[in-house]
Every structure is written in C-alpha cells, then in structure tokens.
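Heads up, target_34.txt below (compact mmCIF, C-alpha atoms and all ligand atoms):
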# COMPACT_ATOMS: atom_id res chain seq x y z
CA MET X 105 96.03 -17.74 -22.61
CA LYS X 106 98.41 -20.20 -21.02
CA ARG X 107 100.52 -19.10 -18.05
CA ASP X 108 103.77 -18.68 -20.02
CA THR X 109 102.06 -16.38 -22.51
CA VAL X 110 100.54 -14.35 -19.67
CA LEU X 111 103.99 -13.94 -18.11
CA GLY X 112 105.36 -12.57 -21.38
CA HIS X 113 102.54 -10.16 -22.16
CA ALA X 114 100.89 -9.01 -18.93
CA GLY X 115 101.68 -5.54 -17.59
CA ARG X 116 102.86 -4.14 -20.93
CA GLU X 117 101.52 -1.50 -23.30
CA ASN X 118 100.15 -3.20 -26.37
CA THR X 119 99.76 -0.30 -28.82
CA GLY X 120 101.69 2.74 -30.01
CA ARG X 121 105.41 3.41 -30.30
CA ARG X 122 106.85 2.00 -27.13
CA PRO X 123 109.74 0.15 -25.51
CA VAL X 124 109.23 -3.53 -24.70
CA ASN X 125 109.37 -2.87 -20.98
CA PRO X 126 107.45 -0.20 -19.08
CA PRO X 127 109.61 2.71 -17.95
CA LEU X 128 110.52 3.20 -14.30
CA TYR X 129 108.41 5.96 -12.79
CA ARG X 130 109.53 7.19 -9.37
CA ALA X 131 107.22 9.66 -7.69
CA SER X 132 105.64 11.12 -4.61
CA THR X 133 103.23 13.71 -6.03
CA ILE X 134 101.01 12.86 -8.98
CA LEU X 135 99.77 15.96 -10.84
CA PHE X 136 96.26 16.54 -12.22
CA ASP X 137 94.91 19.00 -14.78
CA SER X 138 91.88 20.03 -12.78
CA VAL X 139 90.25 19.86 -9.38
CA ALA X 140 87.58 17.66 -10.92
CA ASP X 141 90.17 15.16 -12.12
CA TYR X 142 91.87 15.12 -8.73
CA ARG X 143 88.51 14.48 -7.07
CA ASP X 144 87.82 11.74 -9.59
CA ALA X 145 91.15 10.09 -8.75
CA HIS X 146 90.30 10.26 -5.05
CA ARG X 147 86.92 8.67 -5.68
CA THR X 148 88.36 5.75 -7.67
CA ARG X 149 91.58 5.29 -5.65
CA LEU X 150 90.51 1.95 -4.15
CA GLY X 151 90.26 0.24 -7.54
CA PRO X 152 93.15 -1.69 -9.06
CA ASP X 153 95.99 0.29 -10.66
CA GLN X 154 94.64 3.79 -9.97
CA LEU X 155 97.07 6.69 -10.24
CA TYR X 156 96.32 8.96 -7.26
CA TYR X 157 99.21 9.41 -4.84
CA ALA X 158 102.44 7.45 -5.14
CA THR X 159 101.92 5.46 -1.92
CA PHE X 160 99.19 3.77 -3.98
CA GLY X 161 101.75 3.21 -6.74
CA THR X 162 103.00 4.66 -10.01
CA GLN X 163 102.57 3.31 -13.53
CA THR X 164 105.55 1.03 -12.82
CA THR X 165 103.84 -0.41 -9.74
CA PHE X 166 100.70 -1.01 -11.75
CA ALA X 167 102.57 -2.74 -14.57
CA PHE X 168 103.78 -5.18 -11.91
CA THR X 169 100.46 -5.52 -10.07
CA SER X 170 98.44 -6.06 -13.23
CA ALA X 171 100.87 -8.80 -14.25
CA MET X 172 100.62 -10.41 -10.80
CA ALA X 173 96.81 -10.26 -10.99
CA ALA X 174 97.00 -11.98 -14.38
CA LEU X 175 99.37 -14.66 -13.06
CA GLU X 176 97.18 -15.43 -10.04
CA GLY X 177 93.91 -15.04 -11.92
CA GLY X 178 92.66 -12.25 -9.64
CA TYR X 179 90.68 -9.05 -10.09
CA GLY X 180 93.63 -6.95 -8.95
CA ALA X 181 96.89 -7.01 -7.02
CA ILE X 182 98.43 -4.68 -4.45
CA ALA X 183 102.18 -4.34 -4.02
CA VAL X 184 103.59 -3.82 -0.52
CA ASN X 185 107.08 -3.51 0.82
CA SER X 186 107.61 -7.19 1.78
CA GLY X 187 105.96 -10.58 1.66
CA LEU X 188 105.50 -10.49 5.42
CA ALA X 189 103.84 -7.06 5.21
CA ALA X 190 101.47 -8.47 2.56
CA ILE X 191 100.43 -11.22 4.98
CA ILE X 192 100.09 -9.02 8.06
CA VAL X 193 98.06 -6.33 6.30
CA THR X 194 95.76 -9.04 4.92
CA LEU X 195 95.21 -10.37 8.45
CA GLN X 196 94.57 -6.80 9.64
CA THR X 197 92.04 -6.27 6.86
CA PHE X 198 89.84 -9.16 7.98
CA LEU X 199 90.52 -9.27 11.73
CA HIS X 200 89.70 -6.81 14.47
CA ALA X 201 89.56 -6.89 18.28
CA GLY X 202 87.45 -9.84 19.43
CA ASP X 203 87.92 -11.81 16.21
CA HIS X 204 89.38 -15.27 15.78
CA VAL X 205 91.60 -16.65 12.99
CA LEU X 206 92.59 -20.20 12.02
CA VAL X 207 96.26 -20.52 11.05
CA PRO X 208 98.12 -23.70 10.00
CA ASP X 209 100.68 -25.00 12.49
CA SER X 210 103.23 -25.03 9.63
CA VAL X 211 102.84 -21.29 8.98
CA TYR X 212 105.81 -19.13 7.95
CA GLY X 213 107.55 -18.41 11.27
CA PRO X 214 107.31 -14.60 11.37
CA VAL X 215 103.53 -14.83 10.90
CA ARG X 216 103.33 -16.96 14.05
CA ILE X 217 105.36 -14.30 15.88
CA ALA X 218 102.87 -11.64 14.72
CA CYS X 219 99.84 -13.77 15.68
CA ASP X 220 101.27 -14.50 19.13
CA GLY X 221 102.44 -10.90 19.57
CA ALA X 222 101.11 -7.81 17.83
CA LEU X 223 97.81 -9.36 16.70
CA ARG X 224 97.15 -10.94 20.10
CA ASP X 225 97.85 -7.56 21.72
CA GLN X 226 95.20 -6.08 19.41
CA GLY X 227 92.67 -8.58 20.74
CA ILE X 228 92.82 -11.06 17.84
CA GLU X 229 92.90 -14.71 18.86
CA THR X 230 94.70 -17.37 16.80
CA THR X 231 94.04 -21.10 16.80
CA TYR X 232 96.73 -23.16 15.08
CA TYR X 233 95.39 -26.14 13.19
CA ASP X 234 96.99 -29.29 11.81
CA PRO X 235 97.80 -28.39 8.19
CA LEU X 236 96.50 -31.84 7.16
CA ILE X 237 93.13 -31.28 8.85
CA GLY X 238 91.12 -30.98 5.62
CA GLU X 239 87.34 -30.71 6.03
CA GLU X 240 87.65 -31.35 9.78
CA ILE X 241 88.55 -27.67 10.05
CA GLY X 242 84.83 -27.08 10.50
CA SER X 243 85.16 -28.30 14.11
CA LEU X 244 87.51 -25.38 14.89
CA VAL X 245 85.33 -22.64 13.45
CA ARG X 246 83.78 -20.35 16.06
CA GLU X 247 81.14 -17.69 15.88
CA ASN X 248 83.86 -15.02 15.78
CA THR X 249 86.11 -16.77 13.22
CA LYS X 250 86.61 -14.09 10.57
CA LEU X 251 89.34 -15.65 8.44
CA ILE X 252 90.79 -19.05 7.59
CA TYR X 253 94.43 -18.64 6.66
CA LEU X 254 96.31 -21.24 4.63
CA GLU X 255 99.86 -21.85 3.47
CA SER X 256 100.53 -24.78 1.18
CA PRO X 257 102.93 -26.43 1.28
CA GLY X 258 103.79 -25.31 4.81
CA SER X 259 107.03 -23.55 5.64
CA ILE X 260 110.02 -25.78 6.45
CA THR X 261 108.01 -29.02 6.73
CA PHE X 262 106.06 -28.74 3.42
CA GLU X 263 102.70 -30.23 4.40
CA VAL X 264 100.30 -30.00 1.45
CA GLN X 265 96.89 -28.75 2.54
CA ASP X 266 93.59 -29.99 1.13
CA VAL X 267 92.74 -26.49 -0.06
CA PRO X 268 89.46 -27.38 -1.87
CA ALA X 269 88.14 -29.17 1.25
CA ILE X 270 89.00 -26.24 3.53
CA VAL X 271 87.58 -23.70 1.06
CA ALA X 272 84.32 -25.68 0.88
CA VAL X 273 83.94 -25.50 4.68
CA ALA X 274 84.84 -21.78 4.70
CA LYS X 275 82.29 -21.01 2.00
CA SER X 276 79.54 -22.95 3.74
CA ARG X 277 80.19 -20.87 6.89
CA GLY X 278 80.63 -17.58 5.01
CA ILE X 279 84.25 -17.14 6.14
CA PRO X 280 86.85 -15.63 3.76
CA THR X 281 90.10 -17.49 3.08
CA ALA X 282 93.61 -16.24 2.35
CA ILE X 283 96.63 -18.29 1.31
CA ASP X 284 100.38 -17.78 1.27
CA ASN X 285 101.10 -18.93 -2.30
CA THR X 286 104.81 -18.07 -2.31
CA TRP X 287 106.14 -21.62 -2.81
CA ALA X 288 104.16 -22.43 -5.97
CA THR X 289 102.91 -19.00 -7.11
CA GLY X 290 99.95 -18.89 -9.47
CA TYR X 291 102.19 -20.52 -12.05
CA PHE X 292 101.95 -23.88 -10.27
CA PHE X 293 98.95 -23.44 -7.97
CA ASP X 294 95.70 -21.79 -9.00
CA ALA X 295 94.55 -20.71 -5.54
CA LEU X 296 91.87 -18.22 -6.62
CA ALA X 297 90.41 -20.64 -9.17
CA LEU X 298 90.08 -23.17 -6.32
CA GLY X 299 87.95 -20.64 -4.46
CA VAL X 300 90.49 -18.99 -2.12
CA ASP X 301 89.64 -15.29 -1.76
CA VAL X 302 93.12 -13.82 -1.35
CA SER X 303 96.44 -15.14 -2.68
CA ILE X 304 99.60 -13.65 -1.19
CA VAL X 305 102.98 -14.02 -2.87
CA ALA X 306 106.33 -12.94 -1.46
CA ALA X 307 107.71 -11.61 -4.75
CA THR X 308 111.04 -11.50 -2.93
CA LYS X 309 111.38 -15.18 -3.80
CA TYR X 310 110.83 -16.64 -7.28
CA VAL X 311 109.02 -13.71 -8.85
CA ALA X 312 112.03 -11.44 -8.41
CA GLY X 313 114.20 -14.50 -8.70
CA HIS X 314 117.60 -12.88 -8.25
CA SER X 315 117.96 -12.32 -4.48
CA ASP X 316 118.13 -8.57 -4.96
CA LEU X 317 114.91 -7.16 -3.52
CA VAL X 318 112.13 -7.59 -0.95
CA LEU X 319 108.51 -7.20 -2.11
CA GLY X 320 105.05 -8.62 -1.51
CA ALA X 321 101.89 -8.91 -3.60
CA ILE X 322 98.30 -9.37 -2.44
CA VAL X 323 95.96 -10.67 -5.14
CA SER X 324 92.24 -10.97 -4.57
CA SER X 325 88.85 -11.47 -6.10
CA GLU X 326 86.76 -8.35 -6.72
CA LYS X 327 84.73 -8.92 -3.54
CA TYR X 328 87.58 -8.06 -1.17
CA PHE X 329 89.81 -5.87 -3.32
CA ALA X 330 88.67 -2.41 -2.18
CA ARG X 331 88.79 -3.47 1.49
CA LEU X 332 92.36 -4.70 1.09
CA ARG X 333 93.33 -1.60 -0.89
CA GLU X 334 91.91 0.64 1.82
CA ALA X 335 93.65 -1.25 4.63
CA VAL X 336 96.99 -1.14 2.82
CA ALA X 337 96.65 2.61 2.27
CA SER X 338 95.33 3.47 5.72
CA LEU X 339 98.08 1.51 7.48
CA GLY X 340 100.73 3.20 5.34
CA TYR X 341 102.08 0.20 3.44
CA SER X 342 103.50 0.84 -0.01
CA ALA X 343 106.14 -0.53 -2.37
CA SER X 344 109.11 0.97 -4.18
CA PRO X 345 108.58 1.36 -7.95
CA ASP X 346 112.22 0.30 -8.42
CA ASP X 347 111.51 -3.02 -6.74
CA CYS X 348 108.31 -3.45 -8.77
CA TRP X 349 110.25 -2.81 -11.98
CA LEU X 350 112.85 -5.45 -11.12
CA ALA X 351 110.20 -7.92 -9.97
CA LEU X 352 108.32 -7.47 -13.23
CA ARG X 353 111.53 -8.24 -15.12
CA GLY X 354 111.88 -11.37 -12.99
CA LEU X 355 108.28 -12.33 -13.66
CA ARG X 356 108.98 -12.59 -17.41
CA THR X 357 111.18 -15.65 -16.82
CA LEU X 358 109.32 -17.10 -13.82
CA GLY X 359 107.98 -20.05 -15.80
CA VAL X 360 111.25 -21.28 -17.28
CA ARG X 361 113.07 -20.71 -14.02
CA LEU X 362 110.49 -22.58 -11.93
CA ARG X 363 110.59 -25.55 -14.31
CA ALA X 364 114.38 -25.58 -14.17
CA HIS X 365 114.41 -25.35 -10.36
CA GLU X 366 111.85 -28.17 -10.21
CA GLY X 367 113.83 -30.54 -12.43
CA ARG X 368 117.07 -29.93 -10.54
CA ALA X 369 115.40 -30.16 -7.12
CA LEU X 370 113.79 -33.48 -8.01
CA ARG X 371 117.15 -34.95 -8.99
CA VAL X 372 118.80 -33.71 -5.82
CA ALA X 373 115.87 -34.87 -3.66
CA GLN X 374 116.04 -38.34 -5.21
CA TYR X 375 119.74 -38.50 -4.45
CA ILE X 376 119.21 -37.42 -0.81
CA ALA X 377 116.31 -39.87 -0.36
CA GLY X 378 118.78 -42.68 -1.14
CA ARG X 379 121.26 -41.67 1.60
CA SER X 380 121.44 -43.80 4.74
CA GLU X 381 122.11 -40.78 6.99
CA ILE X 382 118.66 -39.34 6.47
CA ASP X 383 115.23 -40.20 7.80
CA GLU X 384 112.91 -38.40 5.39
CA VAL X 385 112.83 -35.97 2.47
CA LEU X 386 110.06 -33.36 2.79
CA TYR X 387 109.31 -32.49 -0.84
CA PRO X 388 105.77 -33.07 -2.11
CA ALA X 389 106.99 -33.46 -5.70
CA LEU X 390 109.01 -36.53 -4.72
CA PRO X 391 106.99 -39.71 -5.38
CA GLY X 392 106.34 -41.52 -2.11
CA SER X 393 106.75 -38.39 -0.01
CA VAL X 394 104.07 -37.21 2.39
CA GLY X 395 101.58 -35.03 0.54
CA HIS X 396 102.60 -36.26 -2.91
CA ASP X 397 99.08 -37.37 -3.86
CA LEU X 398 97.43 -34.07 -2.92
CA TRP X 399 100.25 -32.17 -4.61
CA LYS X 400 99.72 -34.20 -7.78
CA ARG X 401 95.99 -33.52 -7.67
CA ASP X 402 96.16 -29.75 -7.13
CA PHE X 403 99.57 -28.46 -8.27
CA ALA X 404 101.02 -28.13 -11.78
CA GLY X 405 104.59 -28.30 -10.53
CA ALA X 406 107.02 -27.69 -7.68
CA CYS X 407 109.68 -25.12 -6.93
CA GLY X 408 113.23 -25.83 -5.79
CA LEU X 409 112.69 -25.54 -2.03
CA PHE X 410 112.50 -28.60 0.20
CA SER X 411 113.82 -30.05 3.45
CA PHE X 412 115.24 -33.30 4.69
CA VAL X 413 115.45 -34.73 8.19
CA PHE X 414 118.62 -36.45 9.36
CA SER X 415 118.16 -39.71 11.25
CA SER X 416 117.82 -39.15 14.98
CA ASP X 417 121.33 -40.50 15.71
CA ILE X 418 122.88 -37.57 13.80
CA ALA X 419 123.73 -34.86 16.36
CA ASP X 420 123.37 -31.16 15.56
CA SER X 421 127.16 -30.84 15.53
CA ARG X 422 127.36 -33.32 12.63
CA ALA X 423 124.61 -31.53 10.75
CA ILE X 424 126.53 -28.28 11.21
CA ALA X 425 129.71 -29.96 9.92
CA PHE X 426 127.71 -31.20 6.93
CA ILE X 427 126.41 -27.73 6.12
CA GLU X 428 129.73 -26.00 6.56
CA ARG X 429 131.43 -28.51 4.26
CA LEU X 430 129.12 -27.50 1.38
CA GLU X 431 130.76 -25.20 -1.14
CA LEU X 432 127.94 -24.46 -3.58
CA PHE X 433 125.18 -23.83 -1.01
CA GLY X 434 125.16 -20.45 0.71
CA ILE X 435 124.01 -20.29 4.33
CA GLY X 436 121.18 -17.80 4.54
CA ALA X 437 117.47 -17.09 4.83
CA SER X 438 115.08 -16.39 1.97
CA TRP X 439 115.11 -18.37 -1.28
CA GLY X 440 113.85 -18.28 -4.87
CA GLY X 441 116.98 -16.78 -6.42
CA PHE X 442 119.22 -18.42 -9.00
CA GLU X 443 121.59 -19.73 -6.33
CA SER X 444 121.50 -22.73 -4.01
CA LEU X 445 121.06 -22.20 -0.28
CA VAL X 446 121.10 -24.25 2.90
CA LEU X 447 119.75 -23.70 6.42
CA LEU X 448 119.81 -25.80 9.59
CA LEU X 449 116.45 -25.51 11.33
CA ARG X 450 115.43 -26.97 14.67
CA LEU X 451 111.72 -26.80 15.13
CA GLY X 452 110.63 -26.05 18.62
CA SER X 453 113.71 -24.46 20.10
CA ARG X 454 113.36 -21.04 18.50
CA PRO X 455 110.39 -18.71 18.72
CA GLY X 456 108.50 -18.60 15.47
CA MET X 457 110.06 -21.84 14.27
CA SER X 458 107.93 -23.86 16.61
CA ARG X 459 105.16 -26.33 16.03
CA THR X 460 102.56 -26.52 18.77
CA LEU X 461 100.60 -29.50 17.42
CA THR X 462 103.43 -31.86 16.52
CA ASN X 463 106.62 -32.80 18.30
CA TRP X 464 109.71 -32.24 16.18
CA GLU X 465 112.13 -32.18 19.13
CA SER X 466 112.56 -35.95 18.99
CA ARG X 467 113.59 -36.00 15.34
CA GLY X 468 117.03 -35.52 13.82
CA PRO X 469 118.26 -32.12 12.61
CA LEU X 470 116.23 -30.64 9.77
CA VAL X 471 118.01 -29.11 6.81
CA ARG X 472 116.26 -26.90 4.27
CA LEU X 473 117.75 -26.66 0.80
CA HIS X 474 117.02 -24.25 -1.99
CA ILE X 475 118.12 -25.82 -5.25
CA GLY X 476 119.30 -23.08 -7.57
CA LEU X 477 120.02 -23.14 -11.28
CA GLU X 478 123.49 -24.66 -11.02
CA ASP X 479 124.13 -28.01 -12.71
CA PRO X 480 122.58 -30.68 -10.46
CA ASP X 481 125.57 -32.98 -11.00
CA ASP X 482 127.75 -30.40 -9.27
CA LEU X 483 125.23 -29.91 -6.47
CA ILE X 484 125.00 -33.66 -5.88
CA ALA X 485 128.81 -33.99 -5.88
CA ASP X 486 128.97 -31.19 -3.30
CA LEU X 487 126.35 -32.92 -1.11
CA ASP X 488 128.14 -36.25 -1.57
CA ALA X 489 131.37 -34.77 -0.23
CA ALA X 490 129.52 -33.29 2.74
CA PHE X 491 127.81 -36.61 3.58
CA ALA X 492 131.22 -38.29 3.38
CA GLU X 493 132.57 -35.68 5.82
CA ILE X 494 130.13 -36.74 8.53
C1 LIG X 501 109.95 -15.41 2.74
C2 LIG X 501 108.53 -15.78 2.93
C3 LIG X 501 107.59 -14.80 3.23
C4 LIG X 501 107.94 -13.37 3.51
O1 LIG X 501 108.53 -12.71 2.44
P1 LIG X 501 109.47 -11.43 2.71
O2 LIG X 501 109.37 -10.68 1.44
O3 LIG X 501 110.82 -11.98 3.00
O4 LIG X 501 108.88 -10.69 3.86
C5 LIG X 501 106.28 -15.20 3.35
N1 LIG X 501 105.91 -16.49 3.17
C6 LIG X 501 106.80 -17.45 2.91
C7 LIG X 501 106.32 -18.84 2.73
C8 LIG X 501 108.14 -17.13 2.78
O5 LIG X 501 109.02 -18.09 2.56

Turn the structure described in the file into structure tokens.
Amino acid sequence: MKRDTVLGHAGRENTGRRPVNPPLYRASTILFDSVADYRDAHRTRLGPDQLYYATFGTQTTFAFTSAMAALEGGYGAIAVNSGLAAIIVTLQTFLHAGDHVLVPDSVYGPVRIACDGALRDQGIETTYYDPLIGEEIGSLVRENTKLIYLESPGSITFEVQDVPAIVAVAKSRGIPTAIDNTWATGYFFDALALGVDVSIVAATKYVAGHSDLVLGAIVSSEKYFARLREAVASLGYSASPDDCWLALRGLRTLGVRLRAHEGRALRVAQYIAGRSEIDEVLYPALPGSVGHDLWKRDFAGACGLFSFVFSSDIADSRAIAFIERLELFGIGASWGGFESLVLLLRLGSRPGMSRTLTNWESRGPLVRLHIGLEDPDDLIADLDAAFAEI
C-alpha cells in the first residue's frame, strides 16, 4: 500500500463492531486469567506490541506503535516519553563503557550535550564527523566503533547526508546505524528501506502536528528490536497512552499536512532567497541550495522547517528587530505544528548549538523558520514588513 493509505488504516481494528479510532486505555496493572498466561506475557514481553505491564504500553500505545512501524517500514516501534529520550536510549542500547560512536557535527543540539556529558561520563567516546562525509566515514571507524549515528538533514543547518554511502560502509564493517528521521519521517524518507537499522522520530513534531504533546518513537528492523525493547524497559522509559492516542490522531493527517507545509515553505523560501539582506537559504528542497541533489535522489518531499543566514553585515540586533517585528511567527523551540515559528540561532556561542568542524562564527545571524499552515501570501507579507523594518 502507498504511504497515505497506510496512514489511514494502520493501527486500527479491521473486523467486528468497532469505533473508527481505538479507545484510550490508561493503565498501570494489566490483569491475566492465569499464572500460565502471566508467565507467557513475561516471556514474550520484548516483542512488538505485547500487553504485559503498562510501562511497556497499553492497547492505545500499540495502536500508535504499530502505525509508526508501518509508516517507517519497520518490524516494530517503541514509544517513549520524548524524541530526545528515544535517541538517548537508542545510543545506550548500542554503546557501553569503552565504546565509540560517530555522530554528525550537525546533530540535534541536546544529543551533543548528552554525548559530551552523560555518555562521556559513562565511558562512551564520540567523534563528530562532517555530515557531508559520505563514504569517507570509513576512515573514522575504529575497532571499538559500535554505532554510526545519522541525522538528515542536520538540525539548524540542514545538511543532507549520503545515507546509502554511509550505510554501505557500516554494513561492510558490521556496525549498526541509527538515524534521526524527524524532519522527513518515513513519509518522505525511507530510512529502513535504505538499510538503516533504527529510525527515530520525535512524534512531538509533525506526527502529533498540533504542538500539544511530547513523544518519541524508535522503529527498527527485527534484528535489533528485542535489544531496544529491553533497554527501554530496563532504563524505565515509557510513554503516556494519552499522548500516543493524540499522536495517532495526528498521524492520520500527516501526509496531507506535510505536503501542505512543503508547498508553503517552498514559496516562502523562494521569496527569502530573493532578498538582498540574506546570504543563503538552507532548505534542501529549494533548487540550487546545498544538498538539493542528494535530497532529490533520496527524499520524496520536504517538511516546512528551514533556515536562512543573514549577510555578515547584519548585526544580531537587526536580526532580533526583524524577528520581533514578525506578527504571524511565534518565537519558540520545537516545530511541526500547524503554526509558523521563528528562532534566532547563533552557532558556536551556546553549548549544544555548536559546530566543532565548521566555523559559523564568521557568518551573519542564522534564523530558523517553521512554515505552518497559514496562507503563504500572509506569511510573505509579514516577512516583507520585517525586512523593511531593518
Ligand atoms: C525536537 C527534536 C528532537 C527531540 O524531540 P523532543 O520530543 O522535543 O524531545 C529530536 N530530533 C530533532 C531533529 C528534533 O528537532
């Protein structure tokens, strides 16, 4: 089935008298009819969608995870309490004291904080690599490299990685790979089909789509599923069935929303690219932008999140004036909801926002936009007024 059909039908009961949507089951204890059945549930608890104890999930959780597994083309999915938790527990599944991990320099900031902090303290060493490294990543692999982590496009600067080239190197060395697939989701980027072992999606963003919850999903091939499931359970991560229920409702419209975000974002990006105040638009879907060719080769579409860099003669104070003049763009973190957002980001001056392999200090202020579902004419008029202000 095509992706849109999957989104409409996955995670639902298909026979019997039933409501369209699965009911919301909240629980702690799950009850069993016999000791034998309880023991059976314990034995099978590391499989996908197994009712055992509610930290593993309820039927509502499993409606969501089975739909996420279908979207990403995986064997199963695990829901955890945030996108960041989904990433960290994945790293903790594959990495132990004395191990080494390769992480792109454009990684989501809080992951860098964890790698340079908690994971380092646990004896796990991180090497940051140029996200555009491609097959050259082989030169960074060590004997103790236990995971190659990817995020494409990268956070804030949107570098598109050559995922097939990196996966080929990882496979030849027998190293598992995991990717942060939040920007595209399985709807636009088929990470597991390209050979990545684990696809992580912050459902907080487009899957939920309404800026009203925080949730993460880990989707994997069969090979690593039980290991991930065990790590999630043993470290005490779980997800609220309420959040899973809402995220599943969001998932039903993910396709139409993503297409709408993409069309609007492209129009706005084209407008910004024509402004004299800016140096560069960082949006792989924009023809002529860095990474456009790889994006075109590997992605089926783009979401509404991109950045632009002011020319270097624009001071931070003018960028701040620009942002504060905007009326339709809220100032705030996260993205993927129906509403437009703006953030001023200076790479290098804040922990976790840094790049260690490239120098962003010498460039103009960087502004990240999330293009929501408003009419793009209104968004462009708002941006036009803000450019005029500075
Ligand atoms: C927001 C985000 C996350 C983390 O998601 P939370 O649910 O907010 O923890 C992970 N990766 C990327 C690329 C993100 O933008």

Fill in: Within 7 Å of ligand LIG 501 (chain X) (all atoms listed in the file), residues as a list of chain:residue names
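Every residue with an atom at most 7 Å from ligand LIG 501 (chain X) is listed here: X:Ser186, X:Gly187, X:Leu188, X:Ala189, X:Tyr212, X:Ser259, X:Asp284, X:Thr286, X:Trp287, X:Ala306, X:Ala307, X:Thr308, X:Lys309, X:Val318, X:Leu319, X:Gly320, X:Ser438.
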
Discussion item. I'd like to know which of X:Arg143, X:Arg401, X:Arg467, X:Arg459 is closest to Pro208 (chain X), using all atoms listed in the file.
Written reply: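 Smallest separation from Pro208 (chain X) among the options: X:Arg459.
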
Worksheet entry | Leu386 (chain X) surroundings by all atoms listed in the file, 7 Å radius, close-in-sequence under 3 positions cut, as a ChimeraX atom specification | /X:261-262,393,410-412

Practice prompt. Please identify all polymer residues within 6 Å of Phe442 (chain X), counting only C-alpha atoms, omitting same-chain residues fewer than 6 positions from it, and present them as a ChimeraX atom specification.
Written response: /X:314,476-477

Please dump the current selection as a PDB file, in the coordinates of the input; keep C-alpha atoms.
ATOM      1  CA  HIS X 314     117.600 -12.880  -8.250  1.00  0.00           C
ATOM      2  CA  GLY X 476     119.300 -23.080  -7.570  1.00  0.00           C
ATOM      3  CA  LEU X 477     120.020 -23.140 -11.280  1.00  0.00           C
TER       4      LEU X 477
END

Practice prompt. Pick out the closest residue to Arg353 (chain X) from this set: X:Arg224, X:His396, X:Arg107, X:Arg116. Count only C-alpha atoms.
Written response: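 Closest to Arg353 (chain X) of all the choices is X:Arg116.
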
Worksheet item: Near region 122-139 of chain X, counting all atoms listed in the file, which residues have an atom at most 6 Å away, once you skip same-chain residues fewer than 6 positions from it, shown as a ChimeraX atom specification?
Response: /X:157-158,164

Counting all atoms listed in the file, what are the residues of region 223-262 of chain X within 8 Å of region 274-279 of chain X, and for each of them which pair of atoms is the nearest and at what distance in Å, to one decimal? Sort the table by chain and rising number, as CSV.
residue,atom,partner,partner_atom,distance
X:Gly242,CA,X:Ala274,CA,7.9
X:Thr249,CA,X:Ile279,CA,7.3
X:Lys250,CA,X:Ile279,CA,5.9
X:Leu251,CA,X:Ile279,CA,5.8
X:Ile252,CA,X:Ile279,CA,7.0

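In this structure, CA of Glu247 (chain X) sits 21.3 Å away from CA of Val302 (chain X).
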
Fill in: Point-to-point distance in Å for CA of Leu451 (chain X) and CA of Ile424 (chain X)
15.4 Å

Discussion item. Let me make sure I understand: among X:Leu447, X:Leu470, X:Ala173, X:Leu370, which one has the smallest atom-to-atom distance to Phe414 (chain X) if we use only C-alpha atoms?
Written reply: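 Ranked by minimum distance to Phe414 (chain X), first place goes to X:Leu470.
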
Item to complete: Please measure the separation of CA of Phe166 (chain X) and CA of Pro345 (chain X), giving the value in Å to one decimal.
Response: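 Going from CA of Phe166 (chain X) over to CA of Pro345 (chain X) covers 9.1 Å.
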
Item to complete: Kindly indicate which residue among X:Ser466, X:Ala312, X:Val245, X:Arg429 lies nearest to Glu493 (chain X), using all atoms listed in the file for the distances.
Response: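 Of X:Ser466, X:Ala312, X:Val245, X:Arg429, the one nearest Glu493 (chain X) is X:Arg429, counting all atoms listed in the file.
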
Practice prompt. Write out as a count of residues only the residues lying within 10 Å of Ile484 (chain X), counting all atoms listed in the file and excluding same-chain residues fewer than 3 positions away.
Written response: 14

Worksheet entry | Long-range neighbours of Leu244 (chain X) as a list of chain:residue names, 9 Å cut-off, all atoms listed in the file, 4 positions minimum in chain |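 My reading of the contact set: X:Leu206, X:Thr231, X:Tyr233, X:Glu240, X:Thr249.
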
Practice prompt. Find the residue from X:Ser210, X:Leu445, X:Ser342, X:Ala218 that sits nearest to Tyr232 (chain X); use all atoms listed in the file when measuring.
Written response: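 Residue with the minimum atom-to-atom distance to Tyr232 (chain X): X:Ser210.
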
Worksheet entry | Residue with smallest distance to Leu236 (chain X) - pool X:Leu339, X:Ala295, X:Val394, X:Ile475, counting only C-alpha atoms | X:Val394
